[in-house]
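What follows is model19.cif (mmCIF, C-alpha atoms).
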```cif
data_work
#
loop_
_atom_site.label_atom_id
_atom_site.label_comp_id
_atom_site.auth_asym_id
_atom_site.auth_seq_id
_atom_site.Cartn_x
_atom_site.Cartn_y
_atom_site.Cartn_z
CA MET A 1 -1.86 24.65 -18.37
CA LEU A 2 -3.79 22.96 -21.20
CA ILE A 3 -6.57 22.01 -18.81
CA LEU A 4 -6.74 25.56 -17.46
CA ALA A 5 -6.69 26.99 -20.99
CA THR A 6 -9.56 24.74 -22.02
CA LEU A 7 -11.60 25.56 -18.93
CA ALA A 8 -10.92 29.27 -19.50
CA ARG A 9 -13.12 28.92 -22.60
CA GLY A 10 -15.98 27.56 -20.51
CA SER A 11 -16.77 25.12 -17.71
CA ALA A 12 -16.97 21.46 -18.67
CA HIS A 13 -17.26 17.96 -17.28
CA GLY A 14 -14.41 15.51 -17.66
CA TYR A 15 -15.48 13.83 -20.89
CA ALA A 16 -16.25 17.14 -22.61
CA LEU A 17 -12.91 18.48 -21.41
CA ALA A 18 -11.05 15.46 -22.83
CA GLU A 19 -12.85 15.86 -26.15
CA ALA A 20 -12.14 19.61 -26.21
CA LEU A 21 -8.44 18.98 -25.50
CA ARG A 22 -8.22 16.38 -28.26
CA THR A 23 -10.11 18.53 -30.78
CA ALA A 24 -8.31 21.79 -29.98
CA SER A 25 -4.92 20.09 -30.32
CA GLY A 26 -5.86 18.52 -33.66
CA GLY A 27 -5.56 15.08 -32.05
CA GLU A 28 -1.99 15.70 -30.79
CA PHE A 29 -2.94 15.45 -27.12
CA ASP A 30 -4.58 12.04 -27.18
CA VAL A 31 -3.44 10.99 -23.70
CA PRO A 32 -5.17 8.23 -21.69
CA GLU A 33 -8.35 9.92 -20.54
CA GLY A 34 -8.08 8.34 -17.09
CA SER A 35 -5.06 10.52 -16.31
CA LEU A 36 -7.26 13.60 -16.64
CA TYR A 37 -9.19 13.12 -13.38
CA PRO A 38 -6.24 12.89 -10.98
CA ALA A 39 -4.92 16.06 -12.65
CA LEU A 40 -8.30 17.78 -12.23
CA HIS A 41 -8.43 16.76 -8.58
CA ARG A 42 -4.93 18.12 -7.96
CA LEU A 43 -5.83 21.41 -9.67
CA GLU A 44 -8.95 21.64 -7.53
CA ARG A 45 -6.98 21.02 -4.33
CA SER A 46 -4.59 23.81 -5.37
CA GLY A 47 -7.55 26.20 -5.85
CA ALA A 48 -7.01 26.69 -9.60
CA ILE A 49 -10.38 25.17 -10.46
CA ALA A 50 -13.65 24.43 -8.68
CA SER A 51 -16.28 21.78 -9.36
CA GLU A 52 -19.82 20.75 -8.57
CA TRP A 53 -22.18 17.91 -9.43
CA VAL A 54 -24.69 18.77 -12.15
CA HIS A 55 -27.68 16.59 -13.02
CA ASP A 56 -28.65 16.78 -16.66
CA GLY A 57 -30.12 13.39 -17.21
CA ARG A 58 -26.88 11.92 -15.89
CA ARG A 59 -24.88 13.12 -12.94
CA ARG A 60 -21.63 14.83 -13.96
CA ARG A 61 -18.93 16.72 -12.12
CA VAL A 62 -18.53 20.06 -13.90
CA TYR A 63 -15.26 21.95 -13.55
CA ALA A 64 -14.71 25.72 -13.85
CA ILE A 65 -11.58 27.84 -13.64
CA THR A 66 -11.22 30.15 -10.61
CA ALA A 67 -9.64 33.60 -10.43
CA ALA A 68 -6.50 32.02 -9.01
CA GLY A 69 -6.52 29.52 -11.87
CA ALA A 70 -6.89 32.31 -14.43
CA ALA A 71 -3.90 34.11 -12.93
CA GLN A 72 -1.91 30.86 -12.97
CA LEU A 73 -2.86 30.35 -16.62
CA THR A 74 -1.69 33.87 -17.52
CA ARG A 75 1.67 33.24 -15.85
CA GLU A 76 2.19 29.78 -17.35
CA ALA A 77 1.00 30.83 -20.83
CA GLY A 78 3.42 33.78 -20.78
CA ALA A 79 6.30 31.53 -19.77
CA TRP A 80 5.33 29.00 -22.44
CA ARG A 81 5.18 31.69 -25.16
CA ARG A 82 8.62 32.96 -24.22
CA PHE A 83 9.97 29.40 -24.32
CA ALA A 84 8.22 28.63 -27.64
CA ASP A 85 9.47 31.92 -29.15
CA GLY A 86 12.98 31.06 -28.06
CA VAL A 87 12.75 27.62 -29.67
CA ALA A 88 11.25 29.09 -32.86
CA SER A 89 13.96 31.75 -33.06
CA THR A 90 16.65 29.12 -32.58
CA LEU A 91 15.20 26.89 -35.28
CA ALA A 92 14.88 29.83 -37.70
CA ALA A 93 18.35 31.20 -37.03
CA PRO A 94 20.73 31.47 -40.03
CA ALA A 95 23.54 28.98 -40.54
CA ILE A 96 26.63 29.48 -38.43
CA ARG A 97 29.65 30.70 -40.41
CA PRO A 98 32.50 28.30 -39.57
CA VAL A 99 35.39 29.90 -37.72
CA VAL A 100 38.59 29.69 -39.74
CA GLN A 101 41.54 28.67 -37.60
CA GLY A 102 45.16 29.56 -38.30
CA ALA A 103 47.05 32.54 -39.78
CA MET B 1 -25.77 -7.52 -17.30
CA THR B 2 -22.17 -6.49 -16.92
CA ASP B 3 -20.01 -5.02 -19.65
CA ALA B 4 -16.46 -3.78 -20.09
CA ILE B 5 -17.21 -0.55 -18.20
CA ASP B 6 -18.56 -2.40 -15.16
CA ARG B 7 -15.48 -4.60 -15.12
CA TYR B 8 -13.20 -1.61 -15.56
CA VAL B 9 -14.72 0.37 -12.67
CA ALA B 10 -14.50 -2.74 -10.49
CA GLN B 11 -10.81 -3.16 -11.37
CA LEU B 12 -10.08 0.49 -10.65
CA ALA B 13 -11.96 0.36 -7.33
CA ASP B 14 -9.95 -2.67 -6.34
CA ARG B 15 -6.66 -0.92 -7.10
CA LEU B 16 -7.63 2.30 -5.37
CA GLY B 17 -8.72 0.66 -2.13
CA ALA B 18 -11.21 2.31 0.20
CA GLY B 19 -11.03 6.05 0.70
CA GLU B 20 -13.10 9.17 0.97
CA ASP B 21 -12.39 10.49 -2.52
CA THR B 22 -12.45 7.09 -4.18
CA TRP B 23 -16.17 7.18 -4.74
CA ARG B 24 -15.97 10.52 -6.56
CA LEU B 25 -13.26 9.28 -8.88
CA LEU B 26 -15.24 6.12 -9.58
CA ALA B 27 -18.44 8.07 -10.23
CA GLU B 28 -16.60 10.36 -12.62
CA THR B 29 -14.93 7.41 -14.32
CA ASP B 30 -18.24 5.66 -14.79
CA GLY B 31 -19.89 8.85 -16.15
CA HIS B 32 -16.96 9.50 -18.49
CA LEU B 33 -17.01 5.98 -19.87
CA ARG B 34 -20.80 6.07 -20.37
CA ASP B 35 -20.49 9.40 -22.21
CA ALA B 36 -17.73 8.01 -24.40
CA GLN B 37 -19.76 4.86 -25.08
CA ALA B 38 -22.85 6.91 -26.01
CA ALA B 39 -20.78 9.11 -28.35
CA LEU B 40 -19.36 6.05 -30.10
CA GLN B 41 -22.78 4.44 -30.38
CA ALA B 42 -24.06 7.66 -31.96
CA GLN B 43 -21.37 7.10 -34.59
CA GLY B 44 -22.77 3.64 -35.28
CA VAL B 45 -20.48 1.52 -33.10
CA GLU B 46 -22.22 -1.45 -31.44
CA SER B 47 -22.81 -1.09 -27.67
CA ALA B 48 -20.35 -3.71 -26.35
CA GLU B 49 -17.62 -2.63 -28.76
CA ALA B 50 -18.22 1.02 -27.86
CA ALA B 51 -17.70 0.14 -24.19
CA GLU B 52 -14.46 -1.69 -25.03
CA VAL B 53 -13.14 1.27 -27.01
CA ALA B 54 -14.11 3.72 -24.24
CA VAL B 55 -12.24 1.65 -21.66
CA ARG B 56 -9.18 1.35 -23.92
CA ARG B 57 -9.05 5.12 -24.34
CA PHE B 58 -9.36 5.65 -20.60
CA GLY B 59 -6.16 3.74 -19.91
CA ASP B 60 -4.94 0.87 -17.76
CA PRO B 61 -6.67 0.94 -14.32
CA ALA B 62 -3.39 0.32 -12.51
CA ALA B 63 -1.81 3.29 -14.31
CA VAL B 64 -4.79 5.53 -13.51
CA ALA B 65 -4.64 4.52 -9.84
CA ARG B 66 -0.91 5.28 -9.74
CA THR B 67 -1.39 8.81 -11.11
CA ARG B 68 -3.88 9.72 -8.41
CA SER B 69 -1.55 10.99 -5.71
CA PRO B 70 1.94 9.83 -4.77
CA ARG B 71 1.47 11.37 -1.31
CA ARG B 72 -1.67 9.35 -0.70
CA ARG B 73 0.09 6.18 -1.76
CA ILE B 74 2.93 6.84 0.68
CA LEU B 75 0.40 7.50 3.44
CA GLY B 76 -1.33 4.22 2.60
CA LEU B 77 1.97 2.36 2.65
CA LEU B 78 2.89 3.92 6.00
CA SER B 79 -0.50 2.97 7.41
CA GLY B 80 -0.13 -0.61 6.18
CA GLY B 81 3.46 -0.79 7.44
CA TRP B 82 2.39 0.50 10.85
CA LEU B 83 -0.30 -2.20 11.03
CA VAL B 84 2.14 -4.95 10.05
CA VAL B 85 4.67 -3.81 12.67
CA ALA B 86 1.94 -3.62 15.34
CA LEU B 87 0.68 -7.11 14.51
CA GLY B 88 4.26 -8.41 14.42
CA LEU B 89 4.85 -7.09 17.93
CA VAL B 90 1.58 -8.65 19.10
CA VAL B 91 2.79 -11.97 17.66
CA ILE B 92 6.04 -11.59 19.62
CA GLY B 93 3.92 -10.94 22.71
CA LEU B 94 2.00 -14.16 22.07
CA SER B 95 5.33 -15.96 21.83
CA GLY B 96 6.12 -14.53 25.27
CA LEU B 97 2.92 -16.05 26.63
CA VAL B 98 3.82 -19.43 25.16
CA SER B 99 7.35 -19.11 26.60
CA TRP B 100 5.82 -18.34 29.97
CA ALA B 101 3.68 -21.47 29.72
CA LEU B 102 6.65 -23.64 28.71
CA GLU B 103 8.67 -22.26 31.62
CA ALA B 104 5.81 -23.06 33.99
CA ILE B 105 5.47 -26.62 32.66
CA TRP B 106 9.10 -27.71 32.03
CA GLY B 107 11.07 -25.14 33.94
CA PRO B 108 13.45 -22.33 33.00
CA ALA B 109 16.23 -24.71 31.87
CA PHE B 110 13.99 -26.09 29.12
CA LEU B 111 13.01 -22.60 28.03
CA ALA B 112 16.37 -20.85 28.15
CA GLY B 113 18.98 -23.00 29.83
CA ASP B 114 22.47 -22.88 28.37
CA VAL B 115 23.55 -25.65 26.05
CA ASN B 116 25.88 -28.25 27.48
CA GLY B 117 29.38 -27.00 28.06
CA VAL B 118 28.63 -23.32 28.63
CA THR B 119 30.29 -21.90 31.77
CA TYR B 120 30.38 -18.49 33.42
CA THR B 121 32.96 -16.58 35.37
CA ALA B 122 32.62 -16.53 39.13
CA ALA B 123 31.61 -12.88 39.04
CA ARG B 124 28.84 -13.56 36.50
CA CYS B 125 27.63 -16.55 38.52
CA ALA B 126 27.51 -14.32 41.58
CA ASP B 127 25.34 -11.90 39.59
CA PHE B 128 22.90 -14.63 38.60
CA LEU B 129 22.74 -16.04 42.11
CA GLY B 130 22.23 -12.53 43.43
CA PHE B 131 19.10 -12.25 41.28
CA PHE B 132 17.90 -15.79 42.01
CA PRO B 133 19.40 -17.01 45.32
CA GLN B 134 16.83 -19.83 45.47
CA ALA B 135 18.25 -21.40 42.27
CA GLY B 136 20.89 -23.37 44.10
CA SER B 137 23.40 -23.48 41.24
CA CYS B 138 24.98 -21.11 38.75
CA ALA B 139 23.46 -22.93 35.74
CA ALA B 140 19.97 -22.90 37.27
CA ALA B 141 20.26 -19.22 38.22
CA ALA B 142 21.47 -18.39 34.69
CA ALA B 143 18.52 -20.27 33.18
CA MET B 144 16.08 -18.45 35.45
CA HIS B 145 17.70 -15.13 34.50
CA HIS B 146 17.54 -15.86 30.78
CA SER B 147 13.93 -17.09 31.05
CA ASP B 148 12.93 -14.01 32.95
CA GLU B 149 14.43 -11.78 30.25
CA ILE B 150 12.91 -13.77 27.40
CA VAL B 151 9.39 -13.71 28.81
CA SER B 152 9.43 -10.11 30.01
CA GLU B 153 10.94 -8.72 26.78
CA ARG B 154 8.44 -10.57 24.60
CA LEU B 155 5.50 -9.51 26.75
CA ALA B 156 6.73 -5.90 26.63
CA ALA B 157 6.89 -6.12 22.82
CA GLY B 158 3.34 -7.49 22.80
CA ILE B 159 2.09 -4.62 24.95
CA LEU B 160 3.81 -2.14 22.64
CA GLY B 161 2.13 -3.86 19.68
CA ILE B 162 -1.28 -3.54 21.33
CA VAL B 163 -0.64 0.17 21.94
CA LEU B 164 0.42 0.68 18.30
CA LEU B 165 -2.63 -1.24 17.12
CA ALA B 166 -4.89 0.90 19.33
CA VAL B 167 -3.31 4.09 17.92
CA TRP B 168 -3.81 2.77 14.36
CA LEU B 169 -7.48 1.99 15.05
CA LEU B 170 -8.02 5.36 16.75
CA VAL B 171 -6.50 7.31 13.84
CA ARG B 172 -8.57 5.22 11.40
CA ARG B 173 -11.71 6.01 13.37
CA LEU B 174 -11.00 9.73 13.67
CA ARG B 175 -9.50 10.40 10.21
CA GLY B 176 -11.07 7.64 8.14
CA ALA B 177 -9.40 4.71 6.42
CA VAL B 178 -6.29 5.52 4.39
CA PRO B 179 -6.50 3.63 1.10
CA ILE B 180 -3.67 1.17 0.53
CA ALA B 181 -2.92 0.50 -3.14
CA ARG B 182 -3.46 -3.08 -4.28
CA GLU B 183 0.23 -3.54 -5.14
CA ASP B 184 1.23 -2.32 -1.69
CA ARG B 185 -1.29 -4.57 0.06
CA ARG B 186 0.11 -7.53 -1.84
CA MET B 187 3.69 -6.53 -1.03
CA LEU B 188 2.96 -6.16 2.70
CA LEU B 189 1.20 -9.53 2.80
CA ILE B 190 4.04 -11.27 0.96
CA ALA B 191 6.65 -9.63 3.23
CA SER B 192 4.68 -10.68 6.34
CA ALA B 193 4.21 -14.25 5.14
CA VAL B 194 7.89 -14.65 4.16
CA ALA B 195 9.18 -13.10 7.40
CA PHE B 196 6.92 -15.10 9.72
CA LEU B 197 7.35 -18.38 7.86
CA GLY B 198 11.13 -17.87 7.69
CA VAL B 199 11.43 -17.17 11.41
CA GLY B 200 8.99 -19.97 12.17
CA LEU B 201 10.73 -22.63 10.10
CA VAL B 202 14.21 -21.73 11.34
CA GLY B 203 13.11 -21.33 14.98
CA PHE B 204 10.88 -24.36 15.25
CA GLY B 205 13.12 -26.50 13.06
CA SER B 206 16.29 -25.78 15.02
CA GLY B 207 14.43 -26.20 18.32
CA ALA B 208 12.99 -29.56 17.30
CA LEU B 209 16.37 -30.70 15.97
CA SER B 210 18.04 -29.76 19.26
CA VAL B 211 15.47 -31.77 21.20
CA VAL B 212 16.08 -34.83 19.03
CA LEU B 213 19.88 -34.52 19.23
CA ASP B 214 19.83 -34.03 23.02
CA LEU B 215 17.59 -37.09 23.43
CA VAL B 216 19.72 -39.21 21.11
CA ARG B 217 22.88 -38.24 22.96
CA GLY B 218 21.20 -38.87 26.31
CA LEU B 219 21.61 -35.27 27.42
CA ALA B 220 19.13 -33.12 29.29
CA VAL B 221 17.06 -31.08 26.85
CA ALA B 222 17.95 -27.45 27.54
CA GLY B 223 17.45 -24.04 26.03
CA VAL B 224 15.10 -25.10 23.25
CA GLY B 225 11.81 -23.79 24.64
CA VAL B 226 12.36 -20.26 23.41
CA ARG B 227 13.08 -21.42 19.86
CA LEU B 228 10.07 -23.73 19.91
CA SER B 229 7.70 -21.05 21.21
CA ASP B 230 9.01 -18.34 18.87
CA GLY B 231 8.98 -20.74 15.95
CA ALA B 232 5.52 -22.14 16.60
CA ILE B 233 3.90 -18.73 16.95
CA ALA B 234 5.76 -17.36 13.92
CA LEU B 235 4.69 -20.39 11.87
CA LEU B 236 1.11 -19.83 12.93
CA ALA B 237 1.30 -16.14 11.98
CA GLY B 238 2.93 -17.08 8.68
CA VAL B 239 0.16 -19.51 7.84
CA VAL B 240 -2.45 -16.85 8.65
CA ALA B 241 -0.60 -14.37 6.40
CA LEU B 242 -0.46 -17.00 3.64
CA VAL B 243 -4.19 -17.67 3.91
CA VAL B 244 -4.96 -13.93 3.76
CA LEU B 245 -2.59 -13.61 0.78
CA ALA B 246 -4.25 -16.53 -1.01
CA ARG B 247 -7.69 -15.05 -0.44
CA PHE B 248 -6.43 -11.67 -1.64
CA ALA B 249 -4.97 -13.20 -4.81
CA ARG B 250 -7.99 -15.43 -5.45
CA ARG B 251 -10.50 -12.64 -4.89
CA GLY B 252 -9.42 -11.02 -8.14
CA VAL B 253 -11.71 -8.50 -9.67
CA SER B 254 -15.27 -9.09 -10.77
CA ALA B 255 -17.98 -6.66 -11.60
CA PRO B 256 -21.20 -6.80 -9.62
CA ILE B 257 -23.95 -8.68 -11.36
CA ALA B 258 -26.89 -6.45 -12.15
CA PRO B 259 -30.26 -7.77 -10.94
CA ALA B 260 -32.42 -9.33 -13.61
CA PRO B 261 -35.23 -7.07 -14.84
CA ALA B 262 -38.56 -7.73 -13.18
#
```

Rendering of file as structure tokens:
Amino acid sequence: MLILATLARGSAHGYALAEALRTASGGEFDVPEGSLYPALHRLERSGAIASEWVHDGRRRRVYAITAAGAAQLTREAGAWRRFADGVASTLAAPAIRPVVQGA
Amino acid sequence: MTDAIDRYVAQLADRLGAGEDTWRLLAETDGHLRDAQAALQAQGVESAEAAEVAVRRFGDPAAVARTRSPRRRILGLLSGGWLVVALGLVVIGLSGLVSWALEAIWGPAFLAGDVNGVTYTAARCADFLGFFPQAGSCAAAAAMHHSDEIVSERLAAGILGIVLLAVWLLVRRLRGAVPIAREDRRMLLIASAVAFLGVGLVGFGSGALSVVLDLVRGLAVAGVGVRLSDGAIALLAGVVALVVLARFARRGVSAPIAPAPA
């Protein structure tokens, strides 16, 4: 979802995508960059993203989100927001009044 | 001149094995690491150190290779397993050929005769003599029967192995090589070497011991040929597997040396 969300803001090659992920998350998502490419390849096989070689002084594989990927992002982002809202509501809930047992 | 990035890409290539999409992943890895190195150098980091940092951030090559695709790894393992089974059956077939030769030279009793003291019921003897009326005795007919089974079963296994090997080669030619992960290649080689050497040592050792004991006791050497032939061929296959394993382990990983500037 994070990859799709980043690519929804514009196509990018792997290194730029890793940098964008790190920057956008304030450094929270500082995962090994090598794990990004297998994930990109899986997303491409599923049709969520597409890619092509671009030569701009150095050859780079540039990835872009597809319509199917955008729809997947909408679904997953909605589910994530509902989950995050639920967690936030739970954390912000008032203290539980203890149940008094007995007569 | 090679640097940390060259060594890293070489290590990753080695762990990924050959495969159609391997090149793309390697090209992207190399491009990513060069971009990261250039970005660090722009921040004032020295070139070699920048390469080291870029590689560290990218992650362990074995871990990257493992995240590629579990399905592909299973396919690679199946392909390697198929090859090992096919070659194992071919080795059994070769043992059948050796058994055949031993039978031709020293007779069926040497190859598969019963050890001293073994007897059969009259009905079973009649069966053996029915198959081999020219044998002249129950023991000789039994030895001929056992030899016949031993040779024919091993040759059949060898033919099956050749068929499996042909199918493996055909699929490889039509669909391309399935990459086998480095860990899986090592595991298959170790399993092959241990299995062949184990069978070889036990088979050949017990066969040779039986020969010595029969000679010492002044008895006719019988029924050892099959253990000697199986053991010898398995030992040979085990040694070949060990040599391949040693070469595989020694090969290690080294980056290609860039040509010196003209």

Could you pull the residues within 9 Å of Pro108 in chain B, counting all atoms listed in the file, minus those fewer than 3 positions along the same chain, as a PyMOL selection string? chain B and resi 102-104+111-113+140+143-148+222-223+225

Output check: residues returned by the PyMOL selection byres ((chain B and resi 196) around 8), as a tab-separated table (two decimals) with C-alpha atoms, in the frame of the given file:
```
chain	number	residue	atom	x	y	z
B	192	SER	CA	4.68	-10.68	6.34
B	193	ALA	CA	4.21	-14.25	5.14
B	194	VAL	CA	7.89	-14.65	4.16
B	195	ALA	CA	9.18	-13.10	7.40
B	197	LEU	CA	7.35	-18.38	7.86
B	198	GLY	CA	11.13	-17.87	7.69
B	199	VAL	CA	11.43	-17.17	11.41
B	200	GLY	CA	8.99	-19.97	12.17
B	234	ALA	CA	5.76	-17.36	13.92
B	235	LEU	CA	4.69	-20.39	11.87
B	237	ALA	CA	1.30	-16.14	11.98
B	238	GLY	CA	2.93	-17.08	8.68
```

Run through the PyMOL selection byres ((chain A) within 12 of (chain B)) on the given coordinates and return the selected residues as a PDB file with C-alpha atoms, in the coordinates of the input.
```pdb
ATOM      1  CA  ALA A  12     -16.970  21.460 -18.670  1.00  0.00           C
ATOM      2  CA  HIS A  13     -17.260  17.960 -17.280  1.00  0.00           C
ATOM      3  CA  GLY A  14     -14.410  15.510 -17.660  1.00  0.00           C
ATOM      4  CA  TYR A  15     -15.480  13.830 -20.890  1.00  0.00           C
ATOM      5  CA  ALA A  16     -16.250  17.140 -22.610  1.00  0.00           C
ATOM      6  CA  LEU A  17     -12.910  18.480 -21.410  1.00  0.00           C
ATOM      7  CA  ALA A  18     -11.050  15.460 -22.830  1.00  0.00           C
ATOM      8  CA  GLU A  19     -12.850  15.860 -26.150  1.00  0.00           C
ATOM      9  CA  ARG A  22      -8.220  16.380 -28.260  1.00  0.00           C
ATOM     10  CA  ASP A  30      -4.580  12.040 -27.180  1.00  0.00           C
ATOM     11  CA  VAL A  31      -3.440  10.990 -23.700  1.00  0.00           C
ATOM     12  CA  PRO A  32      -5.170   8.230 -21.690  1.00  0.00           C
ATOM     13  CA  GLU A  33      -8.350   9.920 -20.540  1.00  0.00           C
ATOM     14  CA  GLY A  34      -8.080   8.340 -17.090  1.00  0.00           C
ATOM     15  CA  SER A  35      -5.060  10.520 -16.310  1.00  0.00           C
ATOM     16  CA  LEU A  36      -7.260  13.600 -16.640  1.00  0.00           C
ATOM     17  CA  TYR A  37      -9.190  13.120 -13.380  1.00  0.00           C
ATOM     18  CA  PRO A  38      -6.240  12.890 -10.980  1.00  0.00           C
ATOM     19  CA  ALA A  39      -4.920  16.060 -12.650  1.00  0.00           C
ATOM     20  CA  LEU A  40      -8.300  17.780 -12.230  1.00  0.00           C
ATOM     21  CA  HIS A  41      -8.430  16.760  -8.580  1.00  0.00           C
ATOM     22  CA  ARG A  42      -4.930  18.120  -7.960  1.00  0.00           C
ATOM     23  CA  LEU A  43      -5.830  21.410  -9.670  1.00  0.00           C
ATOM     24  CA  ARG A  45      -6.980  21.020  -4.330  1.00  0.00           C
ATOM     25  CA  SER A  51     -16.280  21.780  -9.360  1.00  0.00           C
ATOM     26  CA  GLU A  52     -19.820  20.750  -8.570  1.00  0.00           C
ATOM     27  CA  TRP A  53     -22.180  17.910  -9.430  1.00  0.00           C
ATOM     28  CA  VAL A  54     -24.690  18.770 -12.150  1.00  0.00           C
ATOM     29  CA  HIS A  55     -27.680  16.590 -13.020  1.00  0.00           C
ATOM     30  CA  ASP A  56     -28.650  16.780 -16.660  1.00  0.00           C
ATOM     31  CA  GLY A  57     -30.120  13.390 -17.210  1.00  0.00           C
ATOM     32  CA  ARG A  58     -26.880  11.920 -15.890  1.00  0.00           C
ATOM     33  CA  ARG A  59     -24.880  13.120 -12.940  1.00  0.00           C
ATOM     34  CA  ARG A  60     -21.630  14.830 -13.960  1.00  0.00           C
ATOM     35  CA  ARG A  61     -18.930  16.720 -12.120  1.00  0.00           C
ATOM     36  CA  VAL A  62     -18.530  20.060 -13.900  1.00  0.00           C
ATOM     37  CA  TYR A  63     -15.260  21.950 -13.550  1.00  0.00           C
TER      38      TYR A  63
END
```

Could you please determine the separation between CA of Trp100 in chain B and CA of Ser152 in chain B in Å, to one decimal place?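 Value for the CA of Trp100 in chain B-CA of Ser152 in chain B distance: 9.0 Å.
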
One number please: CA of Gly10 in chain A to CA of Ala64 in chain A, in Å, one decimal.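 So the two atoms, CA of Gly10 in chain A and CA of Ala64 in chain A, lie 7.0 Å apart.
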
Expand the PyMOL selection byres ((chain A and resi 1) around 10) into the explicit residue set it covers here, and present it as a PyMOL selection string. chain A and resi 2-7+69-70+72-77+80

Return the single residue from B:Arg71, B:Arg247, B:Arg217, B:Arg227 that is closest to Ile180 in chain B, with distances computed using only C-alpha atoms. B:Arg71

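The two atoms in question, CA of Leu40 in chain B and CA of Leu12 in chain B, are spaced 22.3 Å apart.
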
If you count only C-alpha atoms, which residues fall within 7 Å of Ala48 in chain A, apart from same-chain ones fewer than 6 positions away, as a tab-separated table (two decimals) with C-alpha atoms, in the coordinates of the input?
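Done, and the output landed in selection_2.tsv:
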```
chain	number	residue	atom	x	y	z
A	65	ILE	CA	-11.58	27.84	-13.64
A	66	THR	CA	-11.22	30.15	-10.61
A	68	ALA	CA	-6.50	32.02	-9.01
A	69	GLY	CA	-6.52	29.52	-11.87
```

Excluding range 204-211 of chain B and residues on its chain fewer than 3 positions from it, collect all residues at most 7 Å away from it, counting all atoms listed in the file, and give them as an NGL selection string. :B and (200-201 or 214-215 or 221 or 224 or 227-228 or 231-232)

Ref. answer, residues at most 10 Å from (-1.8, -7.7, 5.4) with all atoms listed in the file, as a PDB file with C-alpha atoms, keeping the file's coordinate frame:
```pdb
ATOM      1  CA  GLY B  80      -0.130  -0.610   6.180  1.00  0.00           C
ATOM      2  CA  GLY B  81       3.460  -0.790   7.440  1.00  0.00           C
ATOM      3  CA  LEU B  83      -0.300  -2.200  11.030  1.00  0.00           C
ATOM      4  CA  VAL B  84       2.140  -4.950  10.050  1.00  0.00           C
ATOM      5  CA  LEU B  87       0.680  -7.110  14.510  1.00  0.00           C
ATOM      6  CA  ASP B 184       1.230  -2.320  -1.690  1.00  0.00           C
ATOM      7  CA  ARG B 185      -1.290  -4.570   0.060  1.00  0.00           C
ATOM      8  CA  ARG B 186       0.110  -7.530  -1.840  1.00  0.00           C
ATOM      9  CA  MET B 187       3.690  -6.530  -1.030  1.00  0.00           C
ATOM     10  CA  LEU B 188       2.960  -6.160   2.700  1.00  0.00           C
ATOM     11  CA  LEU B 189       1.200  -9.530   2.800  1.00  0.00           C
ATOM     12  CA  ILE B 190       4.040 -11.270   0.960  1.00  0.00           C
ATOM     13  CA  ALA B 191       6.650  -9.630   3.230  1.00  0.00           C
ATOM     14  CA  SER B 192       4.680 -10.680   6.340  1.00  0.00           C
ATOM     15  CA  ALA B 193       4.210 -14.250   5.140  1.00  0.00           C
ATOM     16  CA  VAL B 240      -2.450 -16.850   8.650  1.00  0.00           C
ATOM     17  CA  ALA B 241      -0.600 -14.370   6.400  1.00  0.00           C
ATOM     18  CA  LEU B 242      -0.460 -17.000   3.640  1.00  0.00           C
ATOM     19  CA  VAL B 244      -4.960 -13.930   3.760  1.00  0.00           C
ATOM     20  CA  LEU B 245      -2.590 -13.610   0.780  1.00  0.00           C
ATOM     21  CA  PHE B 248      -6.430 -11.670  -1.640  1.00  0.00           C
TER      22      PHE B 248
END
```
